[in-house]
>>> print(open('target_22.txt').read())   # compact mmCIF, C-alpha atoms
# COMPACT_ATOMS: atom_id res chain seq x y z
CA MET A 149 11.34 14.44 25.60
CA ARG A 150 11.12 12.76 22.21
CA HIS A 151 10.76 15.83 20.00
CA GLY A 152 11.62 14.96 16.41
CA LYS A 153 12.71 11.39 17.20
CA LYS A 154 11.05 9.25 14.57
CA ILE A 155 12.49 5.78 15.11
CA ASN A 156 11.64 3.40 17.90
CA HIS A 157 14.88 2.39 19.61
CA LEU A 158 13.28 -0.81 20.95
CA GLY A 159 15.43 -0.70 24.10
CA ARG A 160 18.58 -1.62 22.19
CA LYS A 161 21.83 -0.01 21.10
CA THR A 162 22.15 0.99 17.46
CA ALA A 163 24.20 -1.99 16.27
CA HIS A 164 21.95 -4.49 18.04
CA ARG A 165 18.82 -2.85 16.63
CA LYS A 166 20.18 -2.81 13.06
CA ALA A 167 21.25 -6.45 13.27
CA MET A 168 17.89 -7.48 14.74
CA LEU A 169 15.90 -5.66 12.04
CA ALA A 170 18.13 -7.12 9.31
CA ASN A 171 17.60 -10.64 10.66
CA MET A 172 13.86 -10.12 10.99
CA ALA A 173 13.67 -8.73 7.45
CA CYS A 174 15.56 -11.75 6.08
CA SER A 175 13.17 -14.06 7.92
CA LEU A 176 10.17 -12.13 6.59
CA ILE A 177 11.45 -12.36 3.02
CA GLU A 178 12.25 -16.05 3.38
CA HIS A 179 9.07 -17.21 5.18
CA LYS A 180 6.68 -14.46 3.93
CA ARG A 181 5.28 -13.99 7.48
CA ILE A 182 6.65 -13.92 11.02
CA ASN A 183 5.27 -13.51 14.52
CA THR A 184 6.78 -10.82 16.75
CA THR A 185 5.75 -8.02 19.09
CA VAL A 186 3.72 -5.10 17.76
CA ALA A 187 6.54 -2.59 18.34
CA LYS A 188 9.07 -4.72 16.47
CA ALA A 189 6.57 -5.32 13.67
CA LYS A 190 6.02 -1.58 13.20
CA ALA A 191 9.79 -0.95 13.21
CA LEU A 192 10.29 -3.81 10.74
CA LYS A 193 7.63 -2.40 8.43
CA GLN A 194 9.49 0.91 8.23
CA PHE A 195 12.74 -0.97 7.65
CA VAL A 196 11.66 -3.43 4.96
CA GLU A 197 9.22 -1.46 2.79
CA PRO A 198 11.88 0.84 1.26
CA LEU A 199 14.01 -2.23 0.52
CA ILE A 200 11.12 -3.86 -1.34
CA THR A 201 10.60 -0.64 -3.30
CA LYS A 202 14.27 -0.65 -4.31
CA SER A 203 14.03 -4.26 -5.45
CA LYS A 204 10.94 -3.47 -7.48
CA ALA A 205 12.62 -0.47 -9.12
CA ALA A 206 15.69 -2.56 -9.95
CA ASN A 207 13.62 -4.84 -12.20
CA ASN A 208 12.24 -1.88 -14.14
CA GLN A 209 15.58 -0.09 -14.69
CA SER A 210 18.82 -0.72 -16.49
CA ALA A 211 21.38 -3.27 -15.28
CA GLU A 212 23.57 -0.56 -13.73
CA LYS A 213 20.78 0.85 -11.59
CA GLY A 214 19.64 -2.66 -10.70
CA THR A 215 23.13 -3.55 -9.48
CA HIS A 216 23.29 -0.32 -7.48
CA ASN A 217 19.94 -1.00 -5.80
CA ARG A 218 21.01 -4.57 -5.07
CA ARG A 219 24.16 -3.28 -3.33
CA ILE A 220 22.19 -0.75 -1.30
CA VAL A 221 19.82 -3.49 -0.12
CA PHE A 222 22.74 -5.80 0.62
CA LYS A 223 24.20 -3.11 2.87
CA SER A 224 21.05 -3.32 5.01
CA LEU A 225 20.25 -7.05 4.90
CA ARG A 226 23.69 -8.74 4.60
CA ASP A 227 22.23 -12.07 3.41
CA LYS A 228 22.72 -13.22 -0.19
CA ASN A 229 19.90 -15.77 -0.12
CA ALA A 230 17.36 -13.21 1.13
CA ILE A 231 18.45 -10.69 -1.50
CA THR A 232 18.15 -13.27 -4.27
CA GLU A 233 14.64 -14.12 -3.07
CA LEU A 234 13.73 -10.42 -2.72
CA PHE A 235 14.92 -9.38 -6.17
CA SER A 236 13.48 -12.39 -7.99
CA VAL A 237 10.28 -13.70 -6.37
CA VAL A 238 9.07 -10.85 -4.17
CA SER A 239 9.76 -7.99 -6.59
CA GLU A 240 7.88 -9.78 -9.41
CA LYS A 241 4.90 -10.40 -7.15
CA VAL A 242 4.64 -6.75 -5.96
CA ALA A 243 5.45 -5.19 -9.35
CA ASP A 244 1.99 -3.62 -9.82
CA ARG A 245 1.47 -2.57 -6.18
CA PRO A 246 2.19 1.14 -5.51
CA GLY A 247 3.21 0.59 -1.87
CA GLY A 248 1.98 -1.07 1.31
CA TYR A 249 3.77 -4.36 0.82
CA THR A 250 3.34 -5.60 4.40
CA ARG A 251 0.38 -6.14 6.71
CA ILE A 252 0.40 -6.23 10.52
CA ILE A 253 -2.26 -8.38 12.20
CA LYS A 254 -2.50 -8.19 15.98
CA LEU A 255 -2.69 -11.58 17.68
CA GLY A 256 -3.25 -10.83 21.35
CA ASN A 257 -0.93 -11.01 24.34
CA ARG A 258 2.01 -13.35 24.95
CA LEU A 259 1.55 -15.71 27.88
CA GLY A 260 4.91 -15.16 29.59
CA ASP A 261 5.12 -11.37 29.83
CA ASN A 262 1.77 -10.17 28.41
CA ALA A 263 3.46 -8.41 25.48
CA ASP A 264 1.27 -7.42 22.52
CA MET A 265 1.97 -9.89 19.72
CA ALA A 266 1.45 -9.41 16.01
CA MET A 267 1.98 -11.24 12.75
CA ILE A 268 3.64 -9.26 9.96
CA GLU A 269 3.30 -10.67 6.47
CA LEU A 270 3.87 -9.77 2.86
CA VAL A 271 0.47 -8.82 1.46
CA ASP A 272 0.71 -10.46 -1.97
CA PHE A 273 1.75 -13.84 -0.55
CA ASN A 274 -1.38 -14.43 1.55
CA GLU A 275 -3.51 -16.89 -0.42
CA ILE A 276 -6.45 -16.68 1.99
CA TYR A 277 -7.13 -12.95 1.50
CA ASN A 278 -6.25 -12.88 -2.20
CA ALA A 279 -8.14 -16.02 -3.28
CA ASP A 280 -11.67 -14.59 -3.33
CA LYS A 281 -10.74 -11.15 -4.71
CA PRO A 282 -10.47 -10.95 -8.49
CA LYS A 283 -7.41 -9.20 -9.85
CA LYS A 284 -8.52 -5.83 -11.13
CA LYS A 285 -6.75 -2.83 -12.49
CA THR A 286 -7.53 0.35 -10.61
CA THR A 287 -6.92 3.79 -11.96
CA ARG A 288 -6.37 6.92 -9.98
CA ARG A 289 -8.87 9.68 -10.36
CA SER A 290 -8.58 13.34 -9.57
CA ARG A 291 -10.76 14.90 -6.93
CA ARG A 292 -12.21 17.66 -9.06
CA GLY A 293 -15.09 17.14 -11.40
CA GLY A 294 -15.43 13.91 -13.23
CA GLY A 295 -18.65 12.92 -11.45
CA THR A 296 -21.73 11.77 -13.30
CA LYS A 297 -23.77 14.67 -14.54
CA THR A 298 -27.54 14.48 -14.21
CA GLU A 299 -29.52 16.04 -16.97
CA THR A 300 -32.63 18.02 -16.10
CA PRO A 301 -35.75 16.82 -17.86
CA PRO A 302 -36.88 19.16 -20.60
CA VAL A 303 -39.76 21.48 -19.75
CA ALA A 304 -42.97 20.68 -21.56
CA VAL A 305 -43.83 23.44 -24.00
CA GLU A 306 -47.33 23.73 -25.25
CA ALA A 307 -47.55 24.10 -28.96
CA LYS A 308 -49.95 26.70 -30.14
CA THR A 309 -52.68 25.73 -32.47
CA ASP A 310 -53.34 27.51 -35.70
CA SER A 311 -56.37 29.30 -34.31
CA GLN A 312 -54.52 30.76 -31.24
CA THR A 313 -52.46 33.90 -31.42
CA ASP A 314 -49.33 34.65 -29.42
CA ALA A 315 -51.26 36.91 -27.04
CA GLU A 316 -53.74 34.15 -26.20
CA VAL A 317 -50.94 31.65 -25.45
CA LYS A 318 -49.20 34.15 -23.10
CA ALA A 319 -52.51 34.85 -21.37
CA ASP A 320 -53.06 31.10 -20.81
CA ASP A 321 -49.51 30.75 -19.35
CA SER A 322 -49.98 33.63 -16.95
CA GLU A 323 -53.18 32.15 -15.54
CA GLU A 324 -51.41 28.97 -14.49
>>> encode(input="target_22.txt", output="structure tokens")
Amino acid sequence: MRHGKKINHLGRKTAHRKAMLANMACSLIEHKRINTTVAKAKALKQFVEPLITKSKAANNQSAEKGTHNRRIVFKSLRDKNAITELFSVVSEKVADRPGGYTRIIKLGNRLGDNADMAMIELVDFNEIYNADKPKKKTTRRSRRGGGTKTETPPVAVEAKTDSQTDAEVKADDSEE
């Protein structure tokens, strides 16, 4: 039983799986999109998104924290060119995004073994999806209140004339 097991082992030993995910992450950072199986794409998404977050945080912090985050990412990726690309180009592009840096698009089945194939890509580097959407700043809103309030129209009040007394006006209102 798989109780509490959160990672997909992908039918590989630990060292092989870590090396494969590191190589796939370097390819994703370099080419901005890669084709792979759906299971590997989901595993890669869990692997690479925290690394992108660390690279984004390194640009916003002091030099010491930036160096520390760079070393942590290097421990996972082990490729200087990919880390340079990640900390310069990719982190600047995703600076205003609060998460969800990758997108998985299913492509169908592979001819040889009928495996489910998918394309995983970095969201901000897709010119087709981002070309027609204007860049807008969204703000978070709380769930309570804040909705538009509708005002009730004021009730028409009949003004009494000089010749009517208060008793006559009340009698007219009670008849209606």
>>> atom_distance(input="target_22.txt", atom1="CA of Asp264 (chain A)", atom2="CA of Gln194 (chain A)")
18.5 Å
>>> residues_around(input="target_22.txt", residues="Phe273 (chain A)", least_positions_apart="2", cutoff="10 Å", atoms="all atoms listed in the file", output="PyMOL selection string")
chain A and resi 179-181+238+241-242+249-250+269-271+275-278
>>> residues_around(input="target_22.txt", residues="Ala170 (chain A)", least_positions_apart="3", cutoff="7 Å", atoms="only C-alpha atoms", output="number ranges by chain")
A: 166-167, 173-174, 224-225
>>> closest_residue(input="target_22.txt", among="A:Asp272, A:Val186, A:Phe235, A:Ala163", to="Gly248 (chain A)", atoms="only C-alpha atoms")
A:Asp272
>>> atom_distance(input="target_22.txt", atom1="CA of Lys213 (chain A)", atom2="CA of Phe195 (chain A)")
20.9 Å
>>> atom_distance(input="target_22.txt", atom1="CA of Val237 (chain A)", atom2="CA of Leu192 (chain A)")
19.8 Å
>>> residues_near_point(input="target_22.txt", point="(13.8, -3.6, -7.6)", cutoff="10 Å", atoms="only C-alpha atoms", output="number ranges by chain")
A: 199-209, 213-215, 217-218, 221, 234-236, 238-240, 242-243
>>> axis_aligned_box(input="target_22.txt", around="region 183-197 of chain A", padding_each_side="4 Å", output="AutoDock Vina command-line options")
--center_x 8.2 --center_y -6.3 --center_z 10.9 --size_x 17.0 --size_y 22.4 --size_z 24.3
>>> closest_residue(input="target_22.txt", among="A:Ala187, A:Leu176, A:Leu169, A:Ala263", to="Ala230 (chain A)", atoms="all atoms listed in the file")
A:Leu176
>>> closest_residue(input="target_22.txt", among="A:Ser175, A:Asn229, A:Ser290, A:Thr185", to="Asp261 (chain A)", atoms="all atoms listed in the file")
A:Thr185
>>> residues_near_point(input="target_22.txt", point="(5.2, -10.0, 14.9)", cutoff="6 Å", atoms="only C-alpha atoms", output="PDB file with C-alpha atoms, in the coordinates of the input")
ATOM      1  CA  ILE A 182       6.650 -13.920  11.020  1.00  0.00           C
ATOM      2  CA  ASN A 183       5.270 -13.510  14.520  1.00  0.00           C
ATOM      3  CA  THR A 184       6.780 -10.820  16.750  1.00  0.00           C
ATOM      4  CA  THR A 185       5.750  -8.020  19.090  1.00  0.00           C
ATOM      5  CA  VAL A 186       3.720  -5.100  17.760  1.00  0.00           C
ATOM      6  CA  ALA A 189       6.570  -5.320  13.670  1.00  0.00           C
ATOM      7  CA  MET A 265       1.970  -9.890  19.720  1.00  0.00           C
ATOM      8  CA  ALA A 266       1.450  -9.410  16.010  1.00  0.00           C
ATOM      9  CA  MET A 267       1.980 -11.240  12.750  1.00  0.00           C
ATOM     10  CA  ILE A 268       3.640  -9.260   9.960  1.00  0.00           C
TER      11      ILE A 268
END
>>> decode(input="target_22.txt", residues="region 216-261 of chain A", atoms="N, CA and C atoms", output="JSON list (two decimals), in the first residue's frame")
[["chain", "number", "residue", "atom", "x", "y", "z"],
["A", 216, "HIS", "N", 23.14, 31.90, -1.17],
["A", 216, "HIS", "CA", 22.67, 30.67, -0.50],
["A", 216, "HIS", "C", 21.64, 29.95, -1.35],
["A", 217, "ASN", "N", 20.66, 30.70, -1.88],
["A", 217, "ASN", "CA", 19.64, 30.08, -2.74],
["A", 217, "ASN", "C", 20.27, 29.51, -4.01],
["A", 218, "ARG", "N", 21.25, 30.19, -4.55],
["A", 218, "ARG", "CA", 21.92, 29.69, -5.75],
["A", 218, "ARG", "C", 22.63, 28.37, -5.45],
["A", 219, "ARG", "N", 23.23, 28.24, -4.29],
["A", 219, "ARG", "CA", 23.90, 26.99, -3.92],
["A", 219, "ARG", "C", 22.91, 25.87, -3.68],
["A", 220, "ILE", "N", 21.78, 26.19, -3.08],
["A", 220, "ILE", "CA", 20.75, 25.17, -2.87],
["A", 220, "ILE", "C", 20.24, 24.65, -4.21],
["A", 221, "VAL", "N", 20.00, 25.54, -5.16],
["A", 221, "VAL", "CA", 19.52, 25.13, -6.48],
["A", 221, "VAL", "C", 20.60, 24.36, -7.22],
["A", 222, "PHE", "N", 21.85, 24.75, -7.05],
["A", 222, "PHE", "CA", 22.95, 24.04, -7.71],
["A", 222, "PHE", "C", 23.06, 22.61, -7.19],
["A", 223, "LYS", "N", 22.72, 22.41, -5.92],
["A", 223, "LYS", "CA", 22.75, 21.06, -5.35],
["A", 223, "LYS", "C", 21.75, 20.15, -6.07],
["A", 224, "SER", "N", 20.64, 20.71, -6.52],
["A", 224, "SER", "CA", 19.63, 19.91, -7.21],
["A", 224, "SER", "C", 19.90, 19.78, -8.70],
["A", 225, "LEU", "N", 20.32, 20.86, -9.35],
["A", 225, "LEU", "CA", 20.45, 20.84, -10.81],
["A", 225, "LEU", "C", 21.83, 20.40, -11.31],
["A", 226, "ARG", "N", 22.89, 20.86, -10.67],
["A", 226, "ARG", "CA", 24.27, 20.49, -11.04],
["A", 226, "ARG", "C", 24.62, 20.89, -12.47],
["A", 227, "ASP", "N", 24.19, 22.07, -12.92],
["A", 227, "ASP", "CA", 24.53, 22.57, -14.24],
["A", 227, "ASP", "C", 24.65, 24.09, -14.17],
["A", 228, "LYS", "N", 25.85, 24.61, -14.34],
["A", 228, "LYS", "CA", 26.08, 26.05, -14.18],
["A", 228, "LYS", "C", 25.33, 26.88, -15.20],
["A", 229, "ASN", "N", 25.27, 26.39, -16.44],
["A", 229, "ASN", "CA", 24.57, 27.15, -17.49],
["A", 229, "ASN", "C", 23.08, 27.27, -17.19],
["A", 230, "ALA", "N", 22.47, 26.19, -16.73],
["A", 230, "ALA", "CA", 21.04, 26.22, -16.41],
["A", 230, "ALA", "C", 20.77, 27.15, -15.23],
["A", 231, "ILE", "N", 21.67, 27.14, -14.25],
["A", 231, "ILE", "CA", 21.47, 28.01, -13.08],
["A", 231, "ILE", "C", 21.63, 29.47, -13.46],
["A", 232, "THR", "N", 22.58, 29.77, -14.31],
["A", 232, "THR", "CA", 22.74, 31.15, -14.79],
["A", 232, "THR", "C", 21.49, 31.61, -15.53],
["A", 233, "GLU", "N", 20.97, 30.76, -16.38],
["A", 233, "GLU", "CA", 19.73, 31.09, -17.11],
["A", 233, "GLU", "C", 18.56, 31.26, -16.15],
["A", 234, "LEU", "N", 18.46, 30.35, -15.16],
["A", 234, "LEU", "CA", 17.35, 30.38, -14.20],
["A", 234, "LEU", "C", 17.38, 31.65, -13.37],
["A", 235, "PHE", "N", 18.54, 32.02, -12.86],
["A", 235, "PHE", "CA", 18.62, 33.17, -11.96],
["A", 235, "PHE", "C", 18.63, 34.50, -12.69],
["A", 236, "SER", "N", 18.88, 34.50, -13.99],
["A", 236, "SER", "CA", 18.88, 35.78, -14.70],
["A", 236, "SER", "C", 17.60, 35.95, -15.51],
["A", 237, "VAL", "N", 17.38, 35.12, -16.51],
["A", 237, "VAL", "CA", 16.26, 35.31, -17.44],
["A", 237, "VAL", "C", 14.93, 34.87, -16.83],
["A", 238, "VAL", "N", 14.89, 33.65, -16.33],
["A", 238, "VAL", "CA", 13.62, 33.07, -15.87],
["A", 238, "VAL", "C", 13.10, 33.80, -14.63],
["A", 239, "SER", "N", 13.98, 34.08, -13.67],
["A", 239, "SER", "CA", 13.51, 34.71, -12.43],
["A", 239, "SER", "C", 13.00, 36.13, -12.68],
["A", 240, "GLU", "N", 13.57, 36.84, -13.66],
["A", 240, "GLU", "CA", 13.06, 38.18, -13.98],
["A", 240, "GLU", "C", 11.69, 38.10, -14.64],
["A", 241, "LYS", "N", 11.49, 37.07, -15.46],
["A", 241, "LYS", "CA", 10.23, 36.94, -16.18],
["A", 241, "LYS", "C", 9.08, 36.55, -15.25],
["A", 242, "VAL", "N", 9.36, 35.75, -14.20],
["A", 242, "VAL", "CA", 8.31, 35.28, -13.30],
["A", 242, "VAL", "C", 8.25, 36.08, -12.01],
["A", 243, "ALA", "N", 8.88, 37.25, -11.98],
["A", 243, "ALA", "CA", 9.00, 38.01, -10.74],
["A", 243, "ALA", "C", 7.65, 38.38, -10.14],
["A", 244, "ASP", "N", 6.65, 38.69, -10.96],
["A", 244, "ASP", "CA", 5.36, 39.13, -10.43],
["A", 244, "ASP", "C", 4.35, 37.98, -10.32],
["A", 245, "ARG", "N", 4.73, 36.78, -10.68],
["A", 245, "ARG", "CA", 3.81, 35.63, -10.62],
["A", 245, "ARG", "C", 3.90, 34.98, -9.24],
["A", 246, "PRO", "N", 2.76, 34.75, -8.55],
["A", 246, "PRO", "CA", 2.82, 34.19, -7.20],
["A", 246, "PRO", "C", 2.95, 32.66, -7.14],
["A", 247, "GLY", "N", 3.17, 32.01, -8.25],
["A", 247, "GLY", "CA", 3.30, 30.55, -8.27],
["A", 247, "GLY", "C", 2.76, 30.02, -9.59],
["A", 248, "GLY", "N", 2.81, 28.72, -9.78],
["A", 248, "GLY", "CA", 2.30, 28.14, -11.01],
["A", 248, "GLY", "C", 3.13, 28.53, -12.21],
["A", 249, "TYR", "N", 4.42, 28.23, -12.16],
["A", 249, "TYR", "CA", 5.33, 28.67, -13.21],
["A", 249, "TYR", "C", 5.32, 27.76, -14.42],
["A", 250, "THR", "N", 4.79, 26.54, -14.29],
["A", 250, "THR", "CA", 4.80, 25.59, -15.40],
["A", 250, "THR", "C", 3.39, 25.19, -15.77],
["A", 251, "ARG", "N", 3.24, 24.73, -17.01],
["A", 251, "ARG", "CA", 1.95, 24.29, -17.53],
["A", 251, "ARG", "C", 2.16, 22.94, -18.20],
["A", 252, "ILE", "N", 1.26, 21.99, -17.95],
["A", 252, "ILE", "CA", 1.32, 20.67, -18.58],
["A", 252, "ILE", "C", 0.18, 20.58, -19.58],
["A", 253, "ILE", "N", 0.50, 20.30, -20.83],
["A", 253, "ILE", "CA", -0.50, 20.15, -21.89],
["A", 253, "ILE", "C", -0.40, 18.73, -22.42],
["A", 254, "LYS", "N", -1.48, 17.98, -22.33],
["A", 254, "LYS", "CA", -1.47, 16.59, -22.78],
["A", 254, "LYS", "C", -1.53, 16.55, -24.30],
["A", 255, "LEU", "N", -0.72, 15.65, -24.88],
["A", 255, "LEU", "CA", -0.57, 15.60, -26.34],
["A", 255, "LEU", "C", -1.20, 14.37, -26.97],
["A", 256, "GLY", "N", -1.53, 13.37, -26.22],
["A", 256, "GLY", "CA", -2.04, 12.13, -26.80],
["A", 256, "GLY", "C", -1.14, 10.97, -26.43],
["A", 257, "ASN", "N", -1.19, 9.91, -27.21],
["A", 257, "ASN", "CA", -0.43, 8.71, -26.90],
["A", 257, "ASN", "C", 0.76, 8.56, -27.85],
["A", 258, "ARG", "N", 1.85, 7.99, -27.33],
["A", 258, "ARG", "CA", 3.04, 7.73, -28.12],
["A", 258, "ARG", "C", 2.80, 6.52, -28.99],
["A", 259, "LEU", "N", 3.32, 6.54, -30.21],
["A", 259, "LEU", "CA", 3.06, 5.46, -31.16],
["A", 259, "LEU", "C", 3.65, 4.12, -30.71],
["A", 260, "GLY", "N", 4.87, 4.12, -30.19],
["A", 260, "GLY", "CA", 5.54, 2.86, -29.91],
["A", 260, "GLY", "C", 4.90, 2.05, -28.80],
["A", 261, "ASP", "N", 4.65, 2.69, -27.65],
["A", 261, "ASP", "CA", 4.15, 1.94, -26.49],
["A", 261, "ASP", "C", 2.84, 2.48, -25.93]]
